[in-house]
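Structure file coords.txt (compact mmCIF, C-alpha atoms) is printed below.
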```txt
# COMPACT_ATOMS: atom_id res chain seq x y z
CA MET W 196 36.52 8.69 -22.48
CA THR W 197 34.36 6.02 -20.79
CA TYR W 198 37.50 4.29 -19.43
CA ARG W 199 38.35 7.39 -17.35
CA ARG W 200 34.93 7.28 -15.70
CA LEU W 201 35.18 3.54 -15.11
CA LEU W 202 38.72 3.59 -13.65
CA PRO W 203 37.82 5.04 -10.17
CA SER W 204 35.00 2.50 -9.77
CA LEU W 205 37.31 -0.35 -10.83
CA LEU W 206 40.01 0.77 -8.37
CA LEU W 207 37.46 0.92 -5.56
CA LEU W 208 36.23 -2.58 -6.40
CA VAL W 209 39.80 -3.96 -6.39
CA ALA W 210 40.53 -2.26 -3.04
CA LEU W 211 37.42 -3.79 -1.49
CA LEU W 212 38.31 -7.24 -2.79
CA LEU W 213 41.85 -7.00 -1.42
CA ALA W 214 40.57 -5.83 1.97
CA GLY W 215 38.36 -8.93 2.12
CA CYS W 216 41.41 -11.14 1.50
CA LYS W 217 43.30 -9.81 4.51
CA LYS W 218 44.81 -12.72 6.46
CA GLN W 219 43.88 -12.86 10.12
CA SER W 220 46.57 -13.82 12.64
CA SER W 221 44.28 -15.79 14.93
CA THR W 222 40.93 -17.49 14.67
CA GLN W 223 38.81 -17.55 17.77
CA ILE W 224 37.01 -20.85 18.20
CA ASN W 225 35.44 -21.76 21.55
CA TYR W 226 35.35 -25.25 23.06
CA GLN W 227 34.29 -26.78 26.36
CA MET W 228 36.45 -28.87 28.69
CA GLY W 229 36.45 -32.54 27.72
CA GLU W 230 35.88 -31.89 24.02
CA ARG W 231 38.30 -33.02 21.33
CA ILE W 232 39.95 -29.81 20.13
CA VAL W 233 41.65 -29.71 16.73
CA ALA W 234 43.99 -26.78 16.09
CA GLY W 235 46.03 -27.41 12.94
CA PRO W 236 48.12 -30.56 13.49
CA MET W 237 47.54 -30.40 17.26
CA VAL W 238 44.68 -32.26 18.95
CA TYR W 239 44.02 -31.20 22.54
CA ASN W 240 41.77 -32.29 25.37
CA VAL W 241 41.46 -30.29 28.57
CA VAL W 242 40.89 -33.14 31.01
CA GLN W 243 40.37 -31.47 34.40
CA THR W 244 41.02 -28.44 36.59
CA ILE W 245 41.94 -28.28 40.26
CA TRP W 246 42.27 -25.18 42.45
CA LYS W 247 45.11 -25.34 44.99
CA THR W 248 46.16 -23.12 47.86
CA GLN W 249 49.76 -24.37 47.70
CA LEU W 250 52.16 -26.57 45.73
CA GLY W 251 54.87 -28.91 46.94
CA ASP W 252 55.25 -30.92 50.10
CA LEU W 253 55.76 -30.21 53.78
CA PHE W 254 59.40 -29.15 53.44
CA ASN W 255 59.16 -27.27 50.16
CA VAL W 256 55.82 -25.43 50.00
CA ARG W 257 55.02 -22.81 47.34
CA THR W 258 52.18 -20.40 48.02
CA PRO W 259 50.48 -18.30 45.31
CA ASP W 260 49.73 -14.59 45.20
CA ASN W 261 46.10 -15.59 44.43
CA ARG W 262 45.30 -19.29 43.94
CA TYR W 263 46.90 -21.98 41.84
CA LEU W 264 44.76 -23.28 38.99
CA MET W 265 46.15 -26.64 37.81
CA ILE W 266 44.89 -27.76 34.39
CA THR W 267 45.47 -31.27 33.06
CA ILE W 268 45.94 -31.27 29.27
CA SER W 269 46.43 -34.00 26.69
CA ALA W 270 48.16 -32.92 23.45
CA THR W 271 48.65 -35.03 20.31
CA ASN W 272 50.65 -34.05 17.24
CA SER W 273 48.68 -35.46 14.30
CA GLY W 274 50.94 -33.76 11.74
CA GLY W 275 53.99 -34.96 9.85
CA LYS W 276 56.65 -32.85 11.62
CA GLU W 277 57.49 -31.98 15.22
CA VAL W 278 55.59 -29.16 16.87
CA SER W 279 56.71 -26.95 19.75
CA MET W 280 53.91 -26.15 22.15
CA PRO W 281 54.48 -22.79 23.87
CA PHE W 282 53.57 -21.86 27.43
CA LEU W 283 49.85 -21.25 27.69
CA THR W 284 47.75 -18.20 28.53
CA LEU W 285 44.46 -17.76 30.38
CA GLU W 286 42.10 -14.90 29.61
CA GLY W 287 40.05 -13.65 32.53
CA PRO W 288 37.10 -11.28 32.81
CA GLY W 289 37.68 -8.04 30.93
CA GLY W 290 40.31 -9.68 28.71
CA LYS W 291 43.11 -9.67 31.33
CA GLU W 292 45.77 -12.25 30.46
CA TYR W 293 47.57 -14.57 32.86
CA HIS W 294 50.62 -16.56 31.80
CA GLU W 295 51.46 -20.08 32.85
CA ILE W 296 53.97 -20.61 35.68
CA GLU W 297 57.33 -21.55 34.14
CA ASN W 298 58.77 -23.20 37.27
CA GLY W 299 57.57 -26.79 37.60
CA GLU W 300 58.80 -27.30 41.15
CA GLY W 301 56.07 -28.92 43.24
CA ILE W 302 53.75 -29.50 40.25
CA GLU W 303 52.68 -33.13 39.95
CA LYS W 304 53.08 -34.48 36.38
CA TRP W 305 54.21 -31.07 35.10
CA PHE W 306 53.93 -30.75 31.31
CA GLY W 307 57.53 -29.55 31.22
CA LEU W 308 59.66 -26.67 30.10
CA LEU W 309 60.54 -28.01 26.63
CA ARG W 310 57.41 -29.08 24.80
CA THR W 311 58.48 -30.47 21.48
CA ILE W 312 55.94 -33.07 20.41
CA GLN W 313 56.94 -35.53 17.68
CA PRO W 314 54.54 -36.69 14.93
CA ALA W 315 51.94 -39.17 16.28
CA GLU W 316 53.12 -38.50 19.86
CA THR W 317 50.68 -37.78 22.69
CA ARG W 318 51.75 -36.05 25.89
CA GLN W 319 49.67 -35.42 28.98
CA GLY W 320 50.53 -33.28 31.95
CA ASN W 321 49.63 -30.39 34.19
CA VAL W 322 50.06 -26.67 33.60
CA VAL W 323 49.59 -24.18 36.45
CA PHE W 324 48.52 -20.55 36.71
CA ASP W 325 48.56 -18.18 39.70
CA VAL W 326 45.20 -16.43 39.23
CA PRO W 327 42.21 -15.00 41.10
CA LEU W 328 39.28 -17.34 41.73
CA THR W 329 36.95 -16.94 38.70
CA SER W 330 36.13 -18.45 35.28
CA TYR W 331 38.63 -18.24 32.40
CA ARG W 332 39.29 -19.07 28.78
CA LEU W 333 42.43 -21.09 27.99
CA ARG W 334 44.19 -20.15 24.74
CA LEU W 335 45.68 -23.09 22.80
CA THR W 336 47.75 -22.78 19.62
CA ASP W 337 48.10 -24.88 16.48
CA GLY W 338 51.90 -24.83 16.88
CA GLY W 339 52.44 -22.59 13.84
CA GLU W 340 55.16 -19.98 13.44
CA LEU W 341 55.04 -17.01 15.80
CA GLY W 342 52.69 -14.38 14.37
CA THR W 343 50.93 -16.78 12.01
CA GLU W 344 49.67 -19.36 14.49
CA LYS W 345 45.97 -20.00 14.90
CA ASN W 346 44.40 -20.02 18.35
CA VAL W 347 41.43 -21.82 19.86
CA TRP W 348 39.82 -21.16 23.23
CA VAL W 349 38.60 -23.52 25.93
CA GLU W 350 36.08 -22.35 28.50
CA ILE W 351 37.37 -23.01 32.03
CA PRO W 352 34.38 -22.57 34.35
CA LEU W 353 34.82 -21.83 38.04
CA ARG W 354 34.34 -25.15 39.76
CA MET W 355 35.26 -25.40 43.40
CA ASP W 356 36.92 -28.63 44.45
CA THR W 357 38.49 -29.11 47.81
CA ASP W 358 42.25 -28.84 48.02
CA SER W 359 43.86 -32.21 48.58
CA THR W 360 46.43 -30.95 51.12
CA VAL W 361 46.71 -32.87 54.36
CA ALA W 362 45.69 -30.96 57.50
CA ALA W 363 47.97 -31.10 60.53
CA PRO W 364 46.50 -33.08 63.42
CA THR W 365 45.02 -31.04 66.25
CA PRO W 366 46.56 -31.36 69.72
CA GLY W 367 45.32 -34.42 71.53
CA GLN W 368 44.64 -36.44 68.32
CA GLN W 369 46.87 -39.26 67.28
```
Using structure tokens, write down the structure that the file contains.
Amino acid sequence: MTYRRLLPSLLLLVALLLAGCKKQSSTQINYQMGERIVAGPMVYNVVQTIWKTQLGDLFNVRTPDNRYLMITISATNSGGKEVSMPFLTLEGPGGKEYHEIENGEGIEKWFGLLRTIQPAETRQGNVVFDVPLTSYRLRLTDGGELGTEKNVWVEIPLRMDTDSTVAAPTPGQQ
């Protein structure tokens, strides 16, 4: 008779314990630019950011819808097997997401389209986003399987640097 009274309480306890064991698909950890960022086997460093009004050279200029944000990233695979690094995402104010530009034309030292990083290999390059002028958070992944990967976030503050494009000479100057 006492087992029947105890059974509902026991079932509730088991349900609460199982709910606490629920696996989360991403962990949100915040870092600052320049910090060593460990995400699973991947070790990242966001080296610098540069805002640009165009990409390319005089004969092949690309202009953005907003502004180009070029981010220099170093990525090291400290694990024992190769890791594929996906294209990256920025999160803006209000949680709006912006995806990395997949066309590397005109991007100096572009990180590349295929990003398979071998064990003990370090790669450094630039990734570019076409985004409004504001602060962001860059989402980096540990390189795990889709749906089970862990994410970390890097604060990308709004820092205005001058664009390094060359101005055309004005008439009368040589």
(request) Kindly give the distance, in Å, that separates atom CA of Leu264 of chain W and atom CA of Arg334 of chain W, rounded to a single decimal. (result)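 Computed distance, atom CA of Leu264 of chain W to atom CA of Arg334 of chain W, equals 14.6 Å.
The nearest approach to Gln249 of chain W among the residues W:Met265, W:Leu285, W:Ile232, W:Val347, with only C-alpha atoms taken into account, belongs to W:Met265.
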(message) Using Å and a single decimal, report how far atom CA of Pro352 of chain W sits from atom CA of Tyr239 of chain W.
(response)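 Atom-to-atom, atom CA of Tyr239 of chain W to atom CA of Pro352 of chain W, that is 17.5 Å.
As for atom CA of Thr336 of chain W and atom CA of Gly301 of chain W, they are spaced 25.8 Å apart.
With all atoms listed in the file as the basis for measurement, W:Thr284 is the residue among W:Asn321, W:Thr244, W:Thr284, W:Asn272 that approaches Leu333 of chain W most closely.
Residues in contact with Ser279 of chain W at up to 8 Å, not including ones fewer than 3 positions away on its chain and judged by only C-alpha atoms, are Leu309, Arg310, Thr311, Ile312 and Gly338 of chain W.
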(request) Determine, counting all atoms listed in the file, which protein, DNA and RNA residues have an atom within 8 Å of an atom of Ser273 of chain W; residues of the same chain fewer than 6 positions away are not included. Present the result as a ChimeraX atom specification. (result) /W:236-238,314-316
What would the file look like if the residues just selected were written as a PDB file, in the frame of the given file with C-alpha atoms?
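selection.pdb, freshly written:
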```
ATOM      1  CA  PRO W 236      48.120 -30.560  13.490  1.00  0.00           C
ATOM      2  CA  MET W 237      47.540 -30.400  17.260  1.00  0.00           C
ATOM      3  CA  VAL W 238      44.680 -32.260  18.950  1.00  0.00           C
ATOM      4  CA  PRO W 314      54.540 -36.690  14.930  1.00  0.00           C
ATOM      5  CA  ALA W 315      51.940 -39.170  16.280  1.00  0.00           C
ATOM      6  CA  GLU W 316      53.120 -38.500  19.860  1.00  0.00           C
TER       7      GLU W 316
END
```
(request) Kindly indicate which residue among W:Ala234, W:Val323, W:Met228, W:Ile351 lies nearest to Val278 of chain W, using all atoms listed in the file for the distances. (result)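 Counting all atoms listed in the file, the residue closest to Val278 of chain W is W:Ala234.
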(message) Neighbouring residues of Tyr226 of chain W were defined as those with any atom within 7 Å, considering all atoms listed in the file; residues of the same chain fewer than 3 positions away were excluded. Please report them as a PyMOL selection string.
(response) chain W and resi 230+348-350
(request) Please work out which residues fall within 7 Å of (46.4, -32.5, 26.9), coordinates as given in the file, with only C-alpha atoms counting, and return them as a PyMOL selection string. (result) chain W and resi 239-242+267-270+318-320
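The residue set within 7 Å of segment 302-304 of chain W, counting all atoms listed in the file and dropping same-chain residues fewer than 2 places from it, reads Leu250, Gly251, Gly299, Glu300, Phe306, Gly320 and Asn321 of chain W.
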For the residues selected in the previous step, produce a file with C-alpha atoms as a compact mmCIF listing (two decimals), in the coordinates of the input.
```txt
# COMPACT_ATOMS: atom_id res chain seq x y z
CA LEU W 250 52.16 -26.57 45.73
CA GLY W 251 54.87 -28.91 46.94
CA GLY W 299 57.57 -26.79 37.60
CA GLU W 300 58.80 -27.30 41.15
CA PHE W 306 53.93 -30.75 31.31
CA GLY W 320 50.53 -33.28 31.95
CA ASN W 321 49.63 -30.39 34.19
```
Mind working out the centre and edge lengths of an axis-aligned box for segment 244-257 of chain W, all listed atoms inside, 3 Å added to each side, rounded to one decimal in Å and written as lines of an AutoDock Vina configuration file?
```
center_x = 50.2
center_y = -26.9
center_z = 45.2
size_x = 24.4
size_y = 14.1
size_z = 23.2
```
